[in-house]
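Source file work21.pdb; content: PDB, C-alpha atoms.
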```
MODEL        1
ATOM      1  CA  GLY G1341    -167.091 -26.892 132.788  1.00  0.00           C
ATOM      2  CA  GLU G1342    -166.819 -23.381 131.412  1.00  0.00           C
ATOM      3  CA  SER G1343    -168.737 -20.496 132.842  1.00  0.00           C
ATOM      4  CA  VAL G1344    -171.530 -19.283 130.603  1.00  0.00           C
ATOM      5  CA  GLY G1345    -174.535 -17.052 131.045  1.00  0.00           C
ATOM      6  CA  LEU G1346    -175.097 -13.737 132.729  1.00  0.00           C
ATOM      7  CA  HIS G1347    -177.354 -14.592 135.651  1.00  0.00           C
ATOM      8  CA  LEU G1348    -175.781 -15.858 138.814  1.00  0.00           C
ATOM      9  CA  PRO G1349    -177.778 -18.284 140.907  1.00  0.00           C
ATOM     10  CA  THR G1350    -178.654 -16.587 144.183  1.00  0.00           C
ATOM     11  CA  LEU G1351    -178.976 -18.045 147.649  1.00  0.00           C
ATOM     12  CA  SER G1352    -180.638 -15.945 150.304  1.00  0.00           C
ATOM     13  CA  VAL G1353    -180.280 -16.932 153.979  1.00  0.00           C
ATOM     14  CA  GLN G1354    -181.024 -15.478 157.371  1.00  0.00           C
ATOM     15  CA  GLU G1355    -178.145 -14.401 159.542  1.00  0.00           C
ATOM     16  CA  GLY G1356    -177.218 -17.242 161.855  1.00  0.00           C
ATOM     17  CA  ASP G1357    -178.548 -19.976 159.586  1.00  0.00           C
ATOM     18  CA  ASN G1358    -176.290 -22.462 157.815  1.00  0.00           C
ATOM     19  CA  SER G1359    -175.681 -21.992 154.090  1.00  0.00           C
ATOM     20  CA  ILE G1360    -175.055 -24.687 151.527  1.00  0.00           C
ATOM     21  CA  ILE G1361    -173.669 -23.728 148.145  1.00  0.00           C
ATOM     22  CA  ASN G1362    -173.545 -26.412 145.489  1.00  0.00           C
ATOM     23  CA  CYS G1363    -171.348 -26.990 142.502  1.00  0.00           C
ATOM     24  CA  ALA G1364    -171.492 -29.666 139.816  1.00  0.00           C
ATOM     25  CA  TYR G1365    -168.453 -30.566 137.781  1.00  0.00           C
ATOM     26  CA  SER G1366    -168.272 -32.540 134.588  1.00  0.00           C
ATOM     27  CA  ASN G1367    -164.738 -33.893 134.344  1.00  0.00           C
ATOM     28  CA  SER G1368    -164.337 -37.191 136.144  1.00  0.00           C
ATOM     29  CA  ALA G1369    -160.568 -36.761 135.869  1.00  0.00           C
ATOM     30  CA  SER G1370    -160.626 -33.697 138.139  1.00  0.00           C
ATOM     31  CA  ASP G1371    -158.665 -34.408 141.277  1.00  0.00           C
ATOM     32  CA  TYR G1372    -158.455 -31.051 143.017  1.00  0.00           C
ATOM     33  CA  PHE G1373    -161.229 -28.652 143.965  1.00  0.00           C
ATOM     34  CA  ILE G1374    -161.182 -25.223 145.514  1.00  0.00           C
ATOM     35  CA  TRP G1375    -163.688 -22.648 146.738  1.00  0.00           C
ATOM     36  CA  TYR G1376    -163.230 -18.915 146.410  1.00  0.00           C
ATOM     37  CA  LYS G1377    -165.203 -16.025 147.864  1.00  0.00           C
ATOM     38  CA  GLN G1378    -165.422 -12.789 145.884  1.00  0.00           C
ATOM     39  CA  GLU G1379    -166.787  -9.657 147.480  1.00  0.00           C
ATOM     40  CA  SER G1380    -167.996  -6.829 145.301  1.00  0.00           C
ATOM     41  CA  GLY G1381    -165.126  -4.934 143.700  1.00  0.00           C
ATOM     42  CA  LYS G1382    -162.451  -7.276 145.046  1.00  0.00           C
ATOM     43  CA  GLY G1383    -160.402 -10.187 143.809  1.00  0.00           C
ATOM     44  CA  PRO G1384    -161.366 -13.756 144.714  1.00  0.00           C
ATOM     45  CA  GLN G1385    -160.212 -14.950 148.117  1.00  0.00           C
ATOM     46  CA  PHE G1386    -159.326 -18.557 148.932  1.00  0.00           C
ATOM     47  CA  ILE G1387    -161.681 -20.330 151.326  1.00  0.00           C
ATOM     48  CA  ILE G1388    -160.874 -24.035 151.304  1.00  0.00           C
ATOM     49  CA  ASP G1389    -159.699 -26.801 149.004  1.00  0.00           C
ATOM     50  CA  ILE G1390    -159.992 -30.567 148.797  1.00  0.00           C
ATOM     51  CA  ARG G1391    -158.332 -33.328 146.858  1.00  0.00           C
ATOM     52  CA  SER G1392    -160.211 -36.212 145.308  1.00  0.00           C
ATOM     53  CA  ASN G1393    -158.842 -38.735 147.818  1.00  0.00           C
ATOM     54  CA  MET G1394    -160.984 -37.045 150.482  1.00  0.00           C
ATOM     55  CA  ASP G1395    -164.741 -36.602 150.732  1.00  0.00           C
ATOM     56  CA  LYS G1396    -164.850 -33.981 153.455  1.00  0.00           C
ATOM     57  CA  ARG G1397    -162.656 -31.231 154.750  1.00  0.00           C
ATOM     58  CA  GLN G1398    -163.345 -28.694 157.447  1.00  0.00           C
ATOM     59  CA  GLY G1399    -162.095 -25.206 158.058  1.00  0.00           C
ATOM     60  CA  GLN G1400    -163.182 -22.423 160.322  1.00  0.00           C
ATOM     61  CA  ARG G1401    -166.987 -22.312 159.968  1.00  0.00           C
ATOM     62  CA  VAL G1402    -166.740 -23.924 156.525  1.00  0.00           C
ATOM     63  CA  THR G1403    -166.925 -27.503 155.337  1.00  0.00           C
ATOM     64  CA  VAL G1404    -166.406 -28.790 151.825  1.00  0.00           C
ATOM     65  CA  LEU G1405    -168.006 -32.061 150.777  1.00  0.00           C
ATOM     66  CA  LEU G1406    -167.023 -33.951 147.659  1.00  0.00           C
ATOM     67  CA  ASN G1407    -169.153 -36.662 146.071  1.00  0.00           C
ATOM     68  CA  LYS G1408    -167.192 -38.122 143.204  1.00  0.00           C
ATOM     69  CA  THR G1409    -169.924 -40.572 142.284  1.00  0.00           C
ATOM     70  CA  VAL G1410    -172.251 -37.811 141.159  1.00  0.00           C
ATOM     71  CA  LYS G1411    -169.518 -35.240 140.511  1.00  0.00           C
ATOM     72  CA  HIS G1412    -170.829 -32.819 143.091  1.00  0.00           C
ATOM     73  CA  LEU G1413    -169.106 -30.419 145.440  1.00  0.00           C
ATOM     74  CA  SER G1414    -170.677 -28.366 148.198  1.00  0.00           C
ATOM     75  CA  LEU G1415    -169.581 -25.622 150.548  1.00  0.00           C
ATOM     76  CA  GLN G1416    -171.294 -25.389 153.894  1.00  0.00           C
ATOM     77  CA  ILE G1417    -171.021 -22.210 155.922  1.00  0.00           C
ATOM     78  CA  ALA G1418    -172.083 -22.460 159.551  1.00  0.00           C
ATOM     79  CA  ALA G1419    -173.817 -19.594 161.342  1.00  0.00           C
ATOM     80  CA  THR G1420    -173.804 -17.363 158.279  1.00  0.00           C
ATOM     81  CA  GLN G1421    -172.894 -13.746 158.953  1.00  0.00           C
ATOM     82  CA  PRO G1422    -173.505 -10.562 156.956  1.00  0.00           C
ATOM     83  CA  GLY G1423    -169.798 -10.544 156.067  1.00  0.00           C
ATOM     84  CA  ASP G1424    -170.326 -13.813 154.221  1.00  0.00           C
ATOM     85  CA  SER G1425    -172.375 -12.006 151.567  1.00  0.00           C
ATOM     86  CA  ALA G1426    -170.409 -12.461 148.354  1.00  0.00           C
ATOM     87  CA  VAL G1427    -170.201 -14.519 145.191  1.00  0.00           C
ATOM     88  CA  TYR G1428    -168.796 -17.992 145.739  1.00  0.00           C
ATOM     89  CA  PHE G1429    -166.969 -19.854 142.995  1.00  0.00           C
ATOM     90  CA  CYS G1430    -165.887 -23.454 142.841  1.00  0.00           C
ATOM     91  CA  ALA G1431    -162.971 -24.374 140.620  1.00  0.00           C
ATOM     92  CA  GLU G1432    -161.237 -27.594 139.684  1.00  0.00           C
ATOM     93  CA  ASN G1433    -158.054 -28.905 138.201  1.00  0.00           C
ATOM     94  CA  ALA G1434    -158.119 -31.912 135.960  1.00  0.00           C
ATOM     95  CA  GLY G1435    -154.658 -32.707 134.776  1.00  0.00           C
ATOM     96  CA  ASN G1436    -150.997 -32.054 134.691  1.00  0.00           C
ATOM     97  CA  ASN G1437    -151.349 -28.328 134.175  1.00  0.00           C
ATOM     98  CA  ARG G1438    -151.325 -25.159 136.232  1.00  0.00           C
ATOM     99  CA  LYS G1439    -154.848 -23.967 135.495  1.00  0.00           C
ATOM    100  CA  LEU G1440    -158.156 -23.907 137.298  1.00  0.00           C
ATOM    101  CA  ILE G1441    -161.491 -24.437 135.573  1.00  0.00           C
ATOM    102  CA  TRP G1442    -164.051 -22.142 137.172  1.00  0.00           C
ATOM    103  CA  GLY G1443    -167.698 -22.827 137.866  1.00  0.00           C
ATOM    104  CA  LEU G1444    -170.504 -20.324 137.328  1.00  0.00           C
ATOM    105  CA  GLY G1445    -170.614 -18.844 140.808  1.00  0.00           C
ATOM    106  CA  THR G1446    -173.388 -18.429 143.344  1.00  0.00           C
ATOM    107  CA  SER G1447    -174.366 -15.156 144.932  1.00  0.00           C
ATOM    108  CA  LEU G1448    -174.985 -15.466 148.676  1.00  0.00           C
ATOM    109  CA  ALA G1449    -177.142 -12.804 150.310  1.00  0.00           C
ATOM    110  CA  VAL G1450    -177.365 -12.770 154.098  1.00  0.00           C
ATOM    111  CA  ASN G1451    -180.429 -11.111 155.561  1.00  0.00           C
ATOM    112  CA  PRO G1452    -180.056  -9.555 159.008  1.00  0.00           C
TER     113      PRO G1452
ATOM    114  CA  ASP J1142    -148.532  -6.217 153.626  1.00  0.00           C
ATOM    115  CA  ALA J1143    -150.117  -6.397 150.179  1.00  0.00           C
ATOM    116  CA  MET J1144    -149.033  -9.524 148.351  1.00  0.00           C
ATOM    117  CA  VAL J1145    -150.436  -9.066 144.834  1.00  0.00           C
ATOM    118  CA  ILE J1146    -150.692  -5.464 143.757  1.00  0.00           C
ATOM    119  CA  GLN J1147    -152.449  -4.190 140.672  1.00  0.00           C
ATOM    120  CA  ASN J1148    -152.158  -0.730 139.238  1.00  0.00           C
ATOM    121  CA  PRO J1149    -154.118   1.208 138.476  1.00  0.00           C
ATOM    122  CA  ARG J1150    -157.312   0.101 140.231  1.00  0.00           C
ATOM    123  CA  TYR J1151    -159.409   1.926 137.660  1.00  0.00           C
ATOM    124  CA  GLN J1152    -158.375   2.633 134.101  1.00  0.00           C
ATOM    125  CA  VAL J1153    -160.284   4.518 131.440  1.00  0.00           C
ATOM    126  CA  THR J1154    -159.083   4.276 127.874  1.00  0.00           C
ATOM    127  CA  GLN J1155    -160.433   5.265 124.504  1.00  0.00           C
ATOM    128  CA  PHE J1156    -161.558   2.847 121.864  1.00  0.00           C
ATOM    129  CA  GLY J1157    -158.455   1.690 119.979  1.00  0.00           C
ATOM    130  CA  LYS J1158    -155.947   3.357 122.318  1.00  0.00           C
ATOM    131  CA  PRO J1159    -153.350   0.918 123.700  1.00  0.00           C
ATOM    132  CA  VAL J1160    -153.406   0.376 127.425  1.00  0.00           C
ATOM    133  CA  THR J1161    -151.145  -1.462 129.862  1.00  0.00           C
ATOM    134  CA  LEU J1162    -152.194  -2.911 133.183  1.00  0.00           C
ATOM    135  CA  SER J1163    -149.583  -3.902 135.720  1.00  0.00           C
ATOM    136  CA  CYS J1164    -149.278  -6.494 138.421  1.00  0.00           C
ATOM    137  CA  SER J1165    -146.568  -7.040 141.002  1.00  0.00           C
ATOM    138  CA  GLN J1166    -146.154  -9.628 143.718  1.00  0.00           C
ATOM    139  CA  THR J1167    -144.122  -9.960 146.891  1.00  0.00           C
ATOM    140  CA  LEU J1168    -144.704 -13.709 147.231  1.00  0.00           C
ATOM    141  CA  ASN J1169    -141.906 -14.829 144.915  1.00  0.00           C
ATOM    142  CA  HIS J1170    -144.305 -17.203 143.195  1.00  0.00           C
ATOM    143  CA  ASN J1171    -143.309 -18.943 139.982  1.00  0.00           C
ATOM    144  CA  VAL J1172    -146.662 -18.647 138.289  1.00  0.00           C
ATOM    145  CA  MET J1173    -148.568 -15.497 137.360  1.00  0.00           C
ATOM    146  CA  TYR J1174    -151.994 -15.453 135.745  1.00  0.00           C
ATOM    147  CA  TRP J1175    -154.131 -12.859 134.005  1.00  0.00           C
ATOM    148  CA  TYR J1176    -157.882 -13.220 134.059  1.00  0.00           C
ATOM    149  CA  GLN J1177    -160.678 -11.200 132.497  1.00  0.00           C
ATOM    150  CA  GLN J1178    -163.895 -11.020 134.498  1.00  0.00           C
ATOM    151  CA  LYS J1179    -167.138  -9.532 133.264  1.00  0.00           C
ATOM    152  CA  SER J1180    -170.135  -8.744 135.400  1.00  0.00           C
ATOM    153  CA  SER J1181    -171.804 -11.791 136.969  1.00  0.00           C
ATOM    154  CA  GLN J1182    -169.347 -14.180 135.345  1.00  0.00           C
ATOM    155  CA  ALA J1183    -166.488 -16.321 136.511  1.00  0.00           C
ATOM    156  CA  PRO J1184    -162.917 -15.189 135.846  1.00  0.00           C
ATOM    157  CA  LYS J1185    -161.762 -16.206 132.375  1.00  0.00           C
ATOM    158  CA  LEU J1186    -158.108 -17.142 132.053  1.00  0.00           C
ATOM    159  CA  LEU J1187    -156.288 -15.195 129.344  1.00  0.00           C
ATOM    160  CA  PHE J1188    -152.769 -16.559 129.839  1.00  0.00           C
ATOM    161  CA  HIS J1189    -150.246 -17.485 132.473  1.00  0.00           C
ATOM    162  CA  TYR J1190    -146.507 -17.543 132.979  1.00  0.00           C
ATOM    163  CA  TYR J1191    -144.584 -20.319 134.603  1.00  0.00           C
ATOM    164  CA  ASP J1192    -141.356 -18.470 135.318  1.00  0.00           C
ATOM    165  CA  LYS J1193    -140.605 -17.007 131.863  1.00  0.00           C
ATOM    166  CA  ASP J1194    -142.549 -19.666 130.018  1.00  0.00           C
ATOM    167  CA  PHE J1195    -145.642 -18.008 128.485  1.00  0.00           C
ATOM    168  CA  ASN J1196    -148.851 -20.038 128.107  1.00  0.00           C
ATOM    169  CA  ASN J1197    -151.621 -18.517 126.050  1.00  0.00           C
ATOM    170  CA  GLU J1198    -155.193 -19.775 126.155  1.00  0.00           C
ATOM    171  CA  ALA J1199    -156.459 -20.884 122.751  1.00  0.00           C
ATOM    172  CA  ASP J1200    -159.371 -18.442 122.780  1.00  0.00           C
ATOM    173  CA  THR J1201    -157.469 -15.369 123.980  1.00  0.00           C
ATOM    174  CA  PRO J1202    -157.639 -12.724 121.238  1.00  0.00           C
ATOM    175  CA  ASP J1203    -154.362 -11.540 119.673  1.00  0.00           C
ATOM    176  CA  ASN J1204    -155.274  -8.086 120.940  1.00  0.00           C
ATOM    177  CA  PHE J1205    -154.123  -9.216 124.390  1.00  0.00           C
ATOM    178  CA  GLN J1206    -150.414  -9.559 125.048  1.00  0.00           C
ATOM    179  CA  SER J1207    -148.371 -10.010 128.172  1.00  0.00           C
ATOM    180  CA  ARG J1208    -144.857  -9.430 129.432  1.00  0.00           C
ATOM    181  CA  ARG J1209    -143.076 -10.717 132.488  1.00  0.00           C
ATOM    182  CA  PRO J1210    -139.705  -8.956 132.781  1.00  0.00           C
ATOM    183  CA  ASN J1211    -138.871 -10.562 136.135  1.00  0.00           C
ATOM    184  CA  THR J1212    -140.401 -12.752 138.848  1.00  0.00           C
ATOM    185  CA  SER J1213    -142.172  -9.873 140.549  1.00  0.00           C
ATOM    186  CA  PHE J1214    -143.835  -8.068 137.673  1.00  0.00           C
ATOM    187  CA  CYS J1215    -146.270  -8.969 134.941  1.00  0.00           C
ATOM    188  CA  PHE J1216    -148.012  -6.688 132.459  1.00  0.00           C
ATOM    189  CA  LEU J1217    -151.144  -7.025 130.389  1.00  0.00           C
ATOM    190  CA  ASP J1218    -151.123  -5.041 127.151  1.00  0.00           C
ATOM    191  CA  ILE J1219    -154.320  -4.475 125.209  1.00  0.00           C
ATOM    192  CA  ARG J1220    -153.224  -3.244 121.826  1.00  0.00           C
ATOM    193  CA  SER J1221    -156.506  -1.874 120.500  1.00  0.00           C
ATOM    194  CA  PRO J1222    -159.204  -1.965 123.154  1.00  0.00           C
ATOM    195  CA  GLY J1223    -162.739  -2.449 121.961  1.00  0.00           C
ATOM    196  CA  LEU J1224    -165.945  -1.804 123.863  1.00  0.00           C
ATOM    197  CA  GLY J1225    -166.179  -5.533 124.546  1.00  0.00           C
ATOM    198  CA  ASP J1226    -162.881  -5.436 126.441  1.00  0.00           C
ATOM    199  CA  ALA J1227    -164.386  -3.405 129.268  1.00  0.00           C
ATOM    200  CA  ALA J1228    -164.086  -5.680 132.276  1.00  0.00           C
ATOM    201  CA  MET J1229    -162.291  -6.334 135.529  1.00  0.00           C
ATOM    202  CA  TYR J1230    -158.784  -7.679 134.941  1.00  0.00           C
ATOM    203  CA  LEU J1231    -157.455  -9.864 137.692  1.00  0.00           C
ATOM    204  CA  CYS J1232    -153.873 -10.869 138.288  1.00  0.00           C
ATOM    205  CA  ALA J1233    -153.116 -13.935 140.379  1.00  0.00           C
ATOM    206  CA  THR J1234    -150.034 -15.828 141.472  1.00  0.00           C
ATOM    207  CA  SER J1235    -149.314 -19.297 142.720  1.00  0.00           C
ATOM    208  CA  ARG J1236    -146.454 -21.556 143.624  1.00  0.00           C
ATOM    209  CA  ASP J1237    -145.899 -24.215 140.996  1.00  0.00           C
ATOM    210  CA  PRO J1238    -149.051 -26.280 141.570  1.00  0.00           C
ATOM    211  CA  ILE J1239    -147.648 -29.351 139.883  1.00  0.00           C
ATOM    212  CA  ARG J1240    -144.724 -29.488 142.279  1.00  0.00           C
ATOM    213  CA  GLU J1241    -146.483 -28.108 145.366  1.00  0.00           C
ATOM    214  CA  ILE J1242    -149.732 -30.072 144.899  1.00  0.00           C
ATOM    215  CA  SER J1243    -151.796 -26.983 145.676  1.00  0.00           C
ATOM    216  CA  TYR J1244    -153.583 -24.934 143.085  1.00  0.00           C
ATOM    217  CA  GLU J1245    -154.320 -22.046 145.427  1.00  0.00           C
ATOM    218  CA  GLN J1246    -154.055 -18.801 143.548  1.00  0.00           C
ATOM    219  CA  TYR J1247    -153.549 -15.462 145.283  1.00  0.00           C
ATOM    220  CA  PHE J1248    -155.453 -12.657 143.631  1.00  0.00           C
ATOM    221  CA  GLY J1249    -154.870  -8.964 143.407  1.00  0.00           C
ATOM    222  CA  PRO J1250    -157.734  -6.487 143.803  1.00  0.00           C
ATOM    223  CA  GLY J1251    -158.179  -6.161 140.059  1.00  0.00           C
ATOM    224  CA  THR J1252    -158.145  -3.286 137.593  1.00  0.00           C
ATOM    225  CA  ARG J1253    -161.494  -2.177 136.282  1.00  0.00           C
ATOM    226  CA  LEU J1254    -161.105  -1.118 132.655  1.00  0.00           C
ATOM    227  CA  THR J1255    -163.578   1.207 131.009  1.00  0.00           C
ATOM    228  CA  VAL J1256    -163.445   1.767 127.243  1.00  0.00           C
ATOM    229  CA  THR J1257    -165.040   4.948 125.917  1.00  0.00           C
TER     230      THR J1257
ENDMDL
END
```
What is this structure when it is put down as structure tokens?
Amino acid sequence: GESVGLHLPTLSVQEGDNSIINCAYSNSASDYFIWYKQESGKGPQFIIDIRSNMDKRQGQRVTVLLNKTVKHLSLQIAATQPGDSAVYFCAENAGNNRKLIWGLGTSLAVNP
Amino acid sequence: DAMVIQNPRYQVTQFGKPVTLSCSQTLNHNVMYWYQQKSSQAPKLLFHYYDKDFNNEADTPDNFQSRRPNTSFCFLDIRSPGLGDAAMYLCATSRDPIREISYEQYFGPGTRLTVT
């Protein structure tokens, strides 16, 4: 759905712990999902993506899980580091177009 | 090494004074996007080009225009900036996602626009 509101959800974790960032989507026709990381003052940076014919995909220290039944997406970051502190956005594509629909974003704070 | 370049990084303009933001890419991507991002919000798509084909979002104000003279460059023109147009403006590129089956967009660092 569309991003509304001015207050980002915040997740605070200890360095070395695993982080789980959640995202709900509303369009059951969405068939592509992507996670971006945005550090302060920078443009979003691609982390990982997944298509709807998969329920899990792994990258380096990151895993994306997709549950189509409940329309839920999560990003798991293993052994969270201070450099992981950023805002994380999920986005989706739901049709024969070239656009992404962005989620609200979650601010991740890593405590040393 | 930079792939999507935005100039300037910071732009200050006066209320009502036209301003142009620029974006260039070295990726030779077909698609270029302009987003507006306000504090603590997700990027909001203003419009995108697929090659020379311009696609405006329904809720993008007429005050915002764009030009893409060639594959590498894209410009965002704000004809009469208002205080509410102060934001970060992000340019992004992608291969044709419909053909390539990947919607990964490559972002520039953004231009932060201040309206006084």
Do me a favour and pick out the residues of chain J within 7 Å of chain G, using all atoms listed in the file, as a PyMOL selection string. chain J and resi 1181-1183+1231+1238-1239+1248-1251
Just say which residues the PyMOL selection byres ((chain G and resi 1452) around 7) picks in this file, as a ChimeraX atom specification. /G:1354-1355,1422,1450-1451
Excluding Leu1405 (chain G) and any residue of its chain fewer than 3 positions from it, enumerate the residues within 8 Å of it, using all atoms listed in the file, and give them as a PyMOL selection string. chain G and resi 1395-1397+1413-1415
What residues come out when you apply the PyMOL selection byres ((chain G and resi 1356) around 8) to this file, written as a ChimeraX atom specification? /G:1354-1355,1357-1358,1418-1421
So, counting only C-alpha atoms, which residue among J:Val1153, J:Leu1168, J:Val1256, J:Leu1162 is closest to Phe1205 (chain J)? J:Leu1162
Selection result of the PyMOL selection byres ((chain J and resi 1192) around 12) on this file, as a VMD selection string: chain J and resid 1169 to 1174 1189 to 1191 1193 to 1196 1208 to 1215 1234 to 1237
Just to confirm, what's the straight-line distance from CA of Pro1149 (chain J) to CA of Asp1218 (chain J) in Å (one decimal)? 13.3 Å
So how many Å separate CA of Tyr1244 (chain J) and CA of Ser1359 (chain G), to one decimal? 24.9 Å
For the point (-152.0, -5.0, 121.4) in the file's frame, write as a PyMOL selection string all residues with an atom no more than 10 Å away, counting all atoms listed in the file. chain J and resi 1157-1161+1202-1207+1217-1222
Output file for the selection above: C-alpha atoms, as a PDB file, in the frame of the given file:
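Printed below is again.pdb as written:
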```
ATOM      1  CA  GLY J1157    -158.455   1.690 119.979  1.00  0.00           C
ATOM      2  CA  LYS J1158    -155.947   3.357 122.318  1.00  0.00           C
ATOM      3  CA  PRO J1159    -153.350   0.918 123.700  1.00  0.00           C
ATOM      4  CA  VAL J1160    -153.406   0.376 127.425  1.00  0.00           C
ATOM      5  CA  THR J1161    -151.145  -1.462 129.862  1.00  0.00           C
ATOM      6  CA  PRO J1202    -157.639 -12.724 121.238  1.00  0.00           C
ATOM      7  CA  ASP J1203    -154.362 -11.540 119.673  1.00  0.00           C
ATOM      8  CA  ASN J1204    -155.274  -8.086 120.940  1.00  0.00           C
ATOM      9  CA  PHE J1205    -154.123  -9.216 124.390  1.00  0.00           C
ATOM     10  CA  GLN J1206    -150.414  -9.559 125.048  1.00  0.00           C
ATOM     11  CA  SER J1207    -148.371 -10.010 128.172  1.00  0.00           C
ATOM     12  CA  LEU J1217    -151.144  -7.025 130.389  1.00  0.00           C
ATOM     13  CA  ASP J1218    -151.123  -5.041 127.151  1.00  0.00           C
ATOM     14  CA  ILE J1219    -154.320  -4.475 125.209  1.00  0.00           C
ATOM     15  CA  ARG J1220    -153.224  -3.244 121.826  1.00  0.00           C
ATOM     16  CA  SER J1221    -156.506  -1.874 120.500  1.00  0.00           C
ATOM     17  CA  PRO J1222    -159.204  -1.965 123.154  1.00  0.00           C
TER      18      PRO J1222
END
```
From the coordinates supplied, region 1237-1249 of chain J should be written with N, CA, C and O atoms, as a PDB file, in the first residue's frame.
```pdb
ATOM      1  N   ASP J1237      14.741  -2.559 -18.262  1.00  0.00           N
ATOM      2  CA  ASP J1237      13.301  -2.713 -18.421  1.00  0.00           C
ATOM      3  C   ASP J1237      12.836  -3.881 -17.557  1.00  0.00           C
ATOM      4  O   ASP J1237      13.116  -5.033 -17.883  1.00  0.00           O
ATOM      5  N   PRO J1238      12.136  -3.620 -16.458  1.00  0.00           N
ATOM      6  CA  PRO J1238      11.784  -4.712 -15.552  1.00  0.00           C
ATOM      7  C   PRO J1238      10.815  -5.717 -16.161  1.00  0.00           C
ATOM      8  O   PRO J1238      10.821  -6.880 -15.779  1.00  0.00           O
ATOM      9  N   ILE J1239      10.037  -5.291 -17.102  1.00  0.00           N
ATOM     10  CA  ILE J1239       9.073  -6.218 -17.703  1.00  0.00           C
ATOM     11  C   ILE J1239       9.815  -7.264 -18.535  1.00  0.00           C
ATOM     12  O   ILE J1239       9.500  -8.445 -18.517  1.00  0.00           O
ATOM     13  N   ARG J1240      10.850  -6.811 -19.231  1.00  0.00           N
ATOM     14  CA  ARG J1240      11.612  -7.743 -20.058  1.00  0.00           C
ATOM     15  C   ARG J1240      12.633  -8.517 -19.232  1.00  0.00           C
ATOM     16  O   ARG J1240      12.877  -9.697 -19.456  1.00  0.00           O
ATOM     17  N   GLU J1241      13.266  -7.832 -18.272  1.00  0.00           N
ATOM     18  CA  GLU J1241      14.370  -8.426 -17.517  1.00  0.00           C
ATOM     19  C   GLU J1241      13.910  -9.197 -16.288  1.00  0.00           C
ATOM     20  O   GLU J1241      14.686  -9.884 -15.656  1.00  0.00           O
ATOM     21  N   ILE J1242      12.660  -9.065 -15.918  1.00  0.00           N
ATOM     22  CA  ILE J1242      12.069  -9.733 -14.756  1.00  0.00           C
ATOM     23  C   ILE J1242      12.834  -9.380 -13.476  1.00  0.00           C
ATOM     24  O   ILE J1242      12.982 -10.187 -12.574  1.00  0.00           O
ATOM     25  N   SER J1243      13.335  -8.191 -13.390  1.00  0.00           N
ATOM     26  CA  SER J1243      13.910  -7.677 -12.150  1.00  0.00           C
ATOM     27  C   SER J1243      13.517  -6.220 -12.037  1.00  0.00           C
ATOM     28  O   SER J1243      13.651  -5.468 -12.990  1.00  0.00           O
ATOM     29  N   TYR J1244      13.020  -5.863 -10.886  1.00  0.00           N
ATOM     30  CA  TYR J1244      12.591  -4.492 -10.658  1.00  0.00           C
ATOM     31  C   TYR J1244      13.619  -3.702  -9.860  1.00  0.00           C
ATOM     32  O   TYR J1244      13.308  -2.656  -9.316  1.00  0.00           O
ATOM     33  N   GLU J1245      14.862  -4.225  -9.806  1.00  0.00           N
ATOM     34  CA  GLU J1245      15.879  -3.520  -9.043  1.00  0.00           C
ATOM     35  C   GLU J1245      16.125  -2.159  -9.637  1.00  0.00           C
ATOM     36  O   GLU J1245      16.393  -2.027 -10.835  1.00  0.00           O
ATOM     37  N   GLN J1246      16.040  -1.156  -8.810  1.00  0.00           N
ATOM     38  CA  GLN J1246      16.315   0.210  -9.217  1.00  0.00           C
ATOM     39  C   GLN J1246      17.613   0.663  -8.551  1.00  0.00           C
ATOM     40  O   GLN J1246      17.863   0.380  -7.387  1.00  0.00           O
ATOM     41  N   TYR J1247      18.406   1.392  -9.327  1.00  0.00           N
ATOM     42  CA  TYR J1247      19.697   1.898  -8.863  1.00  0.00           C
ATOM     43  C   TYR J1247      19.528   3.391  -8.594  1.00  0.00           C
ATOM     44  O   TYR J1247      19.169   4.148  -9.498  1.00  0.00           O
ATOM     45  N   PHE J1248      19.785   3.780  -7.372  1.00  0.00           N
ATOM     46  CA  PHE J1248      19.513   5.146  -6.956  1.00  0.00           C
ATOM     47  C   PHE J1248      20.765   6.010  -6.948  1.00  0.00           C
ATOM     48  O   PHE J1248      21.870   5.541  -6.626  1.00  0.00           O
ATOM     49  N   GLY J1249      20.559   7.279  -7.258  1.00  0.00           N
ATOM     50  CA  GLY J1249      21.580   8.269  -7.030  1.00  0.00           C
ATOM     51  C   GLY J1249      21.558   8.717  -5.582  1.00  0.00           C
ATOM     52  O   GLY J1249      20.698   8.291  -4.802  1.00  0.00           O
TER      53      GLY J1249
END
```
